[in-house]
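Trainee: Input file: data_28.txt. Contents: compact mmCIF, C-alpha atoms.
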```
# COMPACT_ATOMS: atom_id res chain seq x y z
CA MET A 1 0.00 0.00 0.00
CA ALA A 2 1.36 3.42 -0.94
CA ASN A 3 2.00 6.03 1.72
CA LEU A 4 -0.59 8.78 1.53
CA HIS A 5 0.56 12.34 2.02
CA HIS A 6 -1.28 14.35 4.69
CA HIS A 7 -0.51 18.02 5.36
CA ARG A 8 -1.75 19.50 8.67
CA LEU A 9 -2.37 23.16 9.39
CA THR A 10 -1.75 24.25 12.98
CA SER A 11 -1.95 27.41 15.06
CA ARG A 12 0.23 27.97 18.11
CA VAL A 13 0.36 30.70 20.77
CA LEU A 14 3.51 31.91 22.46
CA LEU A 15 1.84 33.04 25.69
CA PHE A 16 3.95 35.35 27.88
CA ASP A 17 3.32 36.56 31.39
CA ARG A 18 4.29 40.07 32.49
CA ASP A 19 7.68 38.76 33.73
CA ASP A 20 8.60 37.51 30.21
CA ARG A 21 8.01 33.87 31.10
CA PHE A 22 6.13 31.74 28.57
CA LEU A 23 3.86 28.73 28.91
CA LEU A 24 4.86 25.33 27.53
CA PHE A 25 3.20 21.92 27.76
CA LEU A 26 5.17 18.67 28.09
CA THR A 27 3.38 16.28 25.75
CA LEU A 28 3.78 12.77 24.46
CA ALA A 29 5.01 12.79 20.86
CA PRO A 30 3.14 10.64 18.32
CA ASP A 31 5.99 8.13 18.23
CA ALA A 32 6.45 4.51 19.26
CA SER A 33 9.53 5.55 21.28
CA GLY A 34 7.33 7.21 23.92
CA VAL A 35 9.42 10.39 23.73
CA SER A 36 7.95 13.64 25.02
CA ARG A 37 8.59 17.25 24.09
CA TRP A 38 7.64 20.76 25.24
CA LEU A 39 5.20 22.71 23.04
CA THR A 40 3.42 26.05 23.09
CA PRO A 41 -0.37 25.97 23.43
CA GLY A 42 -2.04 25.25 20.12
CA GLY A 43 -3.06 22.57 17.71
CA GLY A 44 -4.78 21.73 14.47
CA VAL A 45 -6.90 24.04 12.37
CA ASP A 46 -10.37 22.48 12.11
CA PRO A 47 -12.37 22.44 8.85
CA GLY A 48 -13.98 25.83 8.30
CA GLU A 49 -11.51 27.64 10.60
CA ASP A 50 -8.71 29.98 9.70
CA HIS A 51 -5.46 30.10 11.67
CA GLU A 52 -6.62 32.95 13.92
CA ALA A 53 -9.88 31.22 14.89
CA ALA A 54 -7.95 28.01 15.61
CA ALA A 55 -5.46 29.91 17.80
CA TYR A 56 -8.30 31.40 19.89
CA ARG A 57 -10.08 28.04 20.17
CA GLU A 58 -6.92 26.14 21.11
CA LEU A 59 -5.94 28.78 23.68
CA PHE A 60 -9.35 28.42 25.33
CA GLU A 61 -9.33 24.60 25.19
CA GLU A 62 -5.81 24.26 26.58
CA THR A 63 -5.72 27.10 29.12
CA GLY A 64 -9.28 28.36 29.71
CA LEU A 65 -8.38 31.87 28.49
CA THR A 66 -10.81 33.92 26.43
CA GLY A 67 -10.70 37.45 25.07
CA VAL A 68 -6.91 37.62 24.86
CA PRO A 69 -5.79 39.80 21.93
CA LEU A 70 -3.45 37.86 19.63
CA GLY A 71 -2.86 40.27 16.75
CA SER A 72 -1.26 39.07 13.53
CA PRO A 73 0.91 35.96 13.28
CA VAL A 74 4.53 36.63 14.24
CA TRP A 75 6.04 33.59 12.51
CA ALA A 76 5.07 30.92 10.01
CA HIS A 77 6.74 27.54 9.95
CA ASP A 78 6.59 24.74 7.37
CA PHE A 79 7.81 21.41 8.69
CA ASP A 80 8.27 17.72 7.99
CA VAL A 81 7.10 15.21 10.60
CA ALA A 82 9.44 12.42 11.64
CA TRP A 83 7.24 10.86 14.35
CA ASP A 84 6.22 7.34 13.33
CA SER A 85 2.65 7.46 14.71
CA ALA A 86 1.72 10.95 13.50
CA ASP A 87 -1.40 11.36 11.37
CA HIS A 88 0.42 13.74 9.01
CA ASP A 89 3.83 13.90 7.33
CA THR A 90 4.10 17.65 6.70
CA GLY A 91 2.59 20.71 8.28
CA HIS A 92 2.32 24.45 8.40
CA ALA A 93 2.11 26.39 11.70
CA GLU A 94 1.20 30.01 12.29
CA PHE A 95 2.49 31.43 15.60
CA TYR A 96 0.73 34.18 17.54
CA THR A 97 1.81 35.90 20.75
CA ALA A 98 -0.04 37.33 23.73
CA VAL A 99 0.89 38.80 27.11
CA VAL A 100 -1.26 38.03 30.15
CA ASP A 101 -1.06 38.11 33.92
CA ARG A 102 0.35 34.78 35.06
CA PHE A 103 -2.41 32.32 35.88
CA ALA A 104 -2.92 28.62 36.52
CA PRO A 105 -4.18 27.16 33.23
CA SER A 106 -7.36 25.13 33.38
CA SER A 107 -7.56 21.59 31.99
CA ASP A 108 -11.39 21.64 32.05
CA ASN A 109 -11.65 21.85 28.26
CA TRP A 110 -8.89 19.42 27.31
CA THR A 111 -9.67 16.72 24.78
CA ASP A 112 -9.51 13.08 25.83
CA ASP A 113 -6.14 12.83 24.03
CA GLU A 114 -4.75 15.84 25.89
CA LYS A 115 -5.80 14.33 29.21
CA VAL A 116 -3.55 11.36 28.38
CA GLU A 117 -0.75 13.04 26.42
CA VAL A 118 -0.03 16.18 28.50
CA PHE A 119 2.25 15.36 31.42
CA GLU A 120 3.12 18.80 32.75
CA LEU A 121 2.80 22.50 32.04
CA ARG A 122 5.20 25.17 33.13
CA TRP A 123 6.06 28.84 32.76
CA TRP A 124 9.64 29.08 31.37
CA SER A 125 12.20 31.85 31.14
CA LEU A 126 14.36 32.22 28.05
CA ASP A 127 17.43 31.29 30.13
CA GLU A 128 15.74 28.06 31.26
CA LEU A 129 14.81 27.14 27.70
CA GLU A 130 18.34 27.84 26.46
CA ALA A 131 19.82 25.67 29.24
CA THR A 132 17.45 22.70 29.08
CA GLN A 133 18.38 19.31 27.70
CA ASP A 134 14.68 18.54 27.26
CA ARG A 135 13.28 18.24 23.76
CA PHE A 136 11.08 21.11 22.54
CA GLU A 137 9.40 22.06 19.29
CA PRO A 138 9.90 23.81 17.04
CA ALA A 139 13.69 23.74 17.01
CA GLU A 140 13.54 27.51 16.35
CA LEU A 141 11.66 28.19 19.62
CA VAL A 142 14.64 29.79 21.40
CA GLU A 143 15.15 32.24 18.54
CA LEU A 144 11.42 32.96 18.30
CA VAL A 145 11.22 33.73 22.04
CA ARG A 146 14.38 35.87 21.87
CA ARG A 147 13.06 37.85 18.88
CA THR A 148 9.62 38.31 20.50
CA LEU A 149 11.13 39.57 23.75
CA ALA A 150 13.40 41.97 21.84
CA SER A 151 10.44 43.39 19.91
CA LYS A 152 8.52 43.90 23.20
CA GLU A 153 11.43 45.98 24.53
CA THR A 154 11.32 48.32 21.52
CA GLN A 155 7.57 48.99 21.85
```
Any chance you could put this one into structure tokens?

Mentor:
Amino acid sequence: MANLHHHRLTSRVLLFDRDDRFLLFLTLAPDASGVSRWLTPGGGVDPGEDHEAAAYRELFEETGLTGVPLGSPVWAHDFDVAWDSADHDTGHAEFYTAVVDRFAPSSDNWTDDEKVEVFELRWWSLDELEATQDRFEPAELVELVRRTLASKETQ
């Protein structure tokens, strides 16, 4: 049987608190190895949604937040998927940013998969992300955080 190509659109939110820390979720990767990695809030764009609508929906589902202004995407990322159990082999992500007062995210609206696949959530500093040996995605996350923090300082 031939491999079928599946391209997945995703929206992600780099959510900062007022102390320049950002929220990441430790999640199980879709891979037989059982490896986990840290991700920003976000997920797939549903049929009939655009990236912005998906970002707002995912932010609510994964954190409980509503009414947070996201603005325009700050970064777009095309990627290949290497995980052996993923339902797609390529993807496109649009990244948004927001700044909020630090809060304890709610898991009340998590999907059944998220209830199984999310192990931990944590507010990170850029220094902590740069120093970690943990896996995170995308690989460009350090540079994206650095660039976002630098642009906040010039505003």

Trainee: Rounded to one decimal place, report the CA of Arg102 (chain A)-CA of Leu65 (chain A) distance in Å.

Mentor: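 Going from CA of Arg102 (chain A) over to CA of Leu65 (chain A) covers 11.3 Å.
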
Trainee: Quick one: residues within 10 Å of Glu94 (chain A), all atoms listed in the file, excluding same-chain residues fewer than 5 positions away - as a ChimeraX atom specification?

Mentor: /A:9-13,42,51-52,54-55,72-78

Trainee: Using all atoms listed in the file for the distances, tell me which of A:Leu70, A:Asp127, A:Glu61, A:Gln133 is nearest to Asp112 (chain A).

Mentor: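 Among the listed residues, the smallest separation from Asp112 (chain A) belongs to A:Glu61.
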
Trainee: Tell me which of A:His7, A:Gly91, A:Phe79, A:Asp19 sits closest to Leu126 (chain A), counting all atoms listed in the file.

Mentor: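 Looking at the shortest contact to Leu126 (chain A), the residue is A:Asp19.
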
Trainee: Calculated over all atoms listed in the file, which of the candidates A:Trp38, A:Phe22, A:Ser33, A:Arg8 has the smallest distance to Arg146 (chain A)?

Mentor: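 Residue with the minimum atom-to-atom distance to Arg146 (chain A): A:Phe22.
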
Trainee: Find the residue from A:Asn109, A:Asp20, A:Thr97, A:Trp123 that sits nearest to Phe60 (chain A); use all atoms listed in the file when measuring.

Mentor: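 Using all atoms listed in the file, Phe60 (chain A) sits closest to A:Asn109.
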
Trainee: Which residue is closest to Ser36 (chain A)? Choose from A:Glu117, A:Glu49, A:Glu140, A:Glu128 and count only C-alpha atoms.

Mentor: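 Closest to Ser36 (chain A), using only C-alpha atoms: A:Glu117.
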
Trainee: To one decimal in Å, tell me the separation between CA of Leu39 (chain A) and CA of Leu23 (chain A).

Mentor: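 Rounded to one decimal, the two atoms are 8.5 Å apart.
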
Trainee: In Å, rounded to a single decimal, give me how far CA of Ala150 (chain A) is from CA of Pro41 (chain A).

Mentor: 21.2 Å

Trainee: To test the calculation: enclose all listed atoms of region 44-54 of chain A in a box whose edges run along x, y and z, add 8 Å on each side, then state centre and edge lengths in Å to one decimal, as AutoDock Vina command-line options.

Mentor:
```
--center_x -9.4 --center_y 27.3 --center_z 12.0 --size_x 25.2 --size_y 27.2 --size_z 23.3
```

Trainee: I'd like to know which of A:Ala53, A:Asp17, A:Asp46, A:Thr40 is closest to Ser125 (chain A), using only C-alpha atoms.

Mentor: A:Asp17

Trainee: At a cut-off of 10 Å, using only C-alpha atoms, what residues contact Ala104 (chain A)? Leave out same-chain residues fewer than 5 positions from it and give the result as a VMD selection string.

Mentor: chain A and resid 63 to 64 121 to 123

Trainee: So which residues are close to (3.9, 18.1, 29.3), meaning at most 7 Å away in the file's coordinates with all atoms listed in the file counted, and can you show them as an NGL selection string?

Mentor: :A and (25-27 or 38 or 118-121)
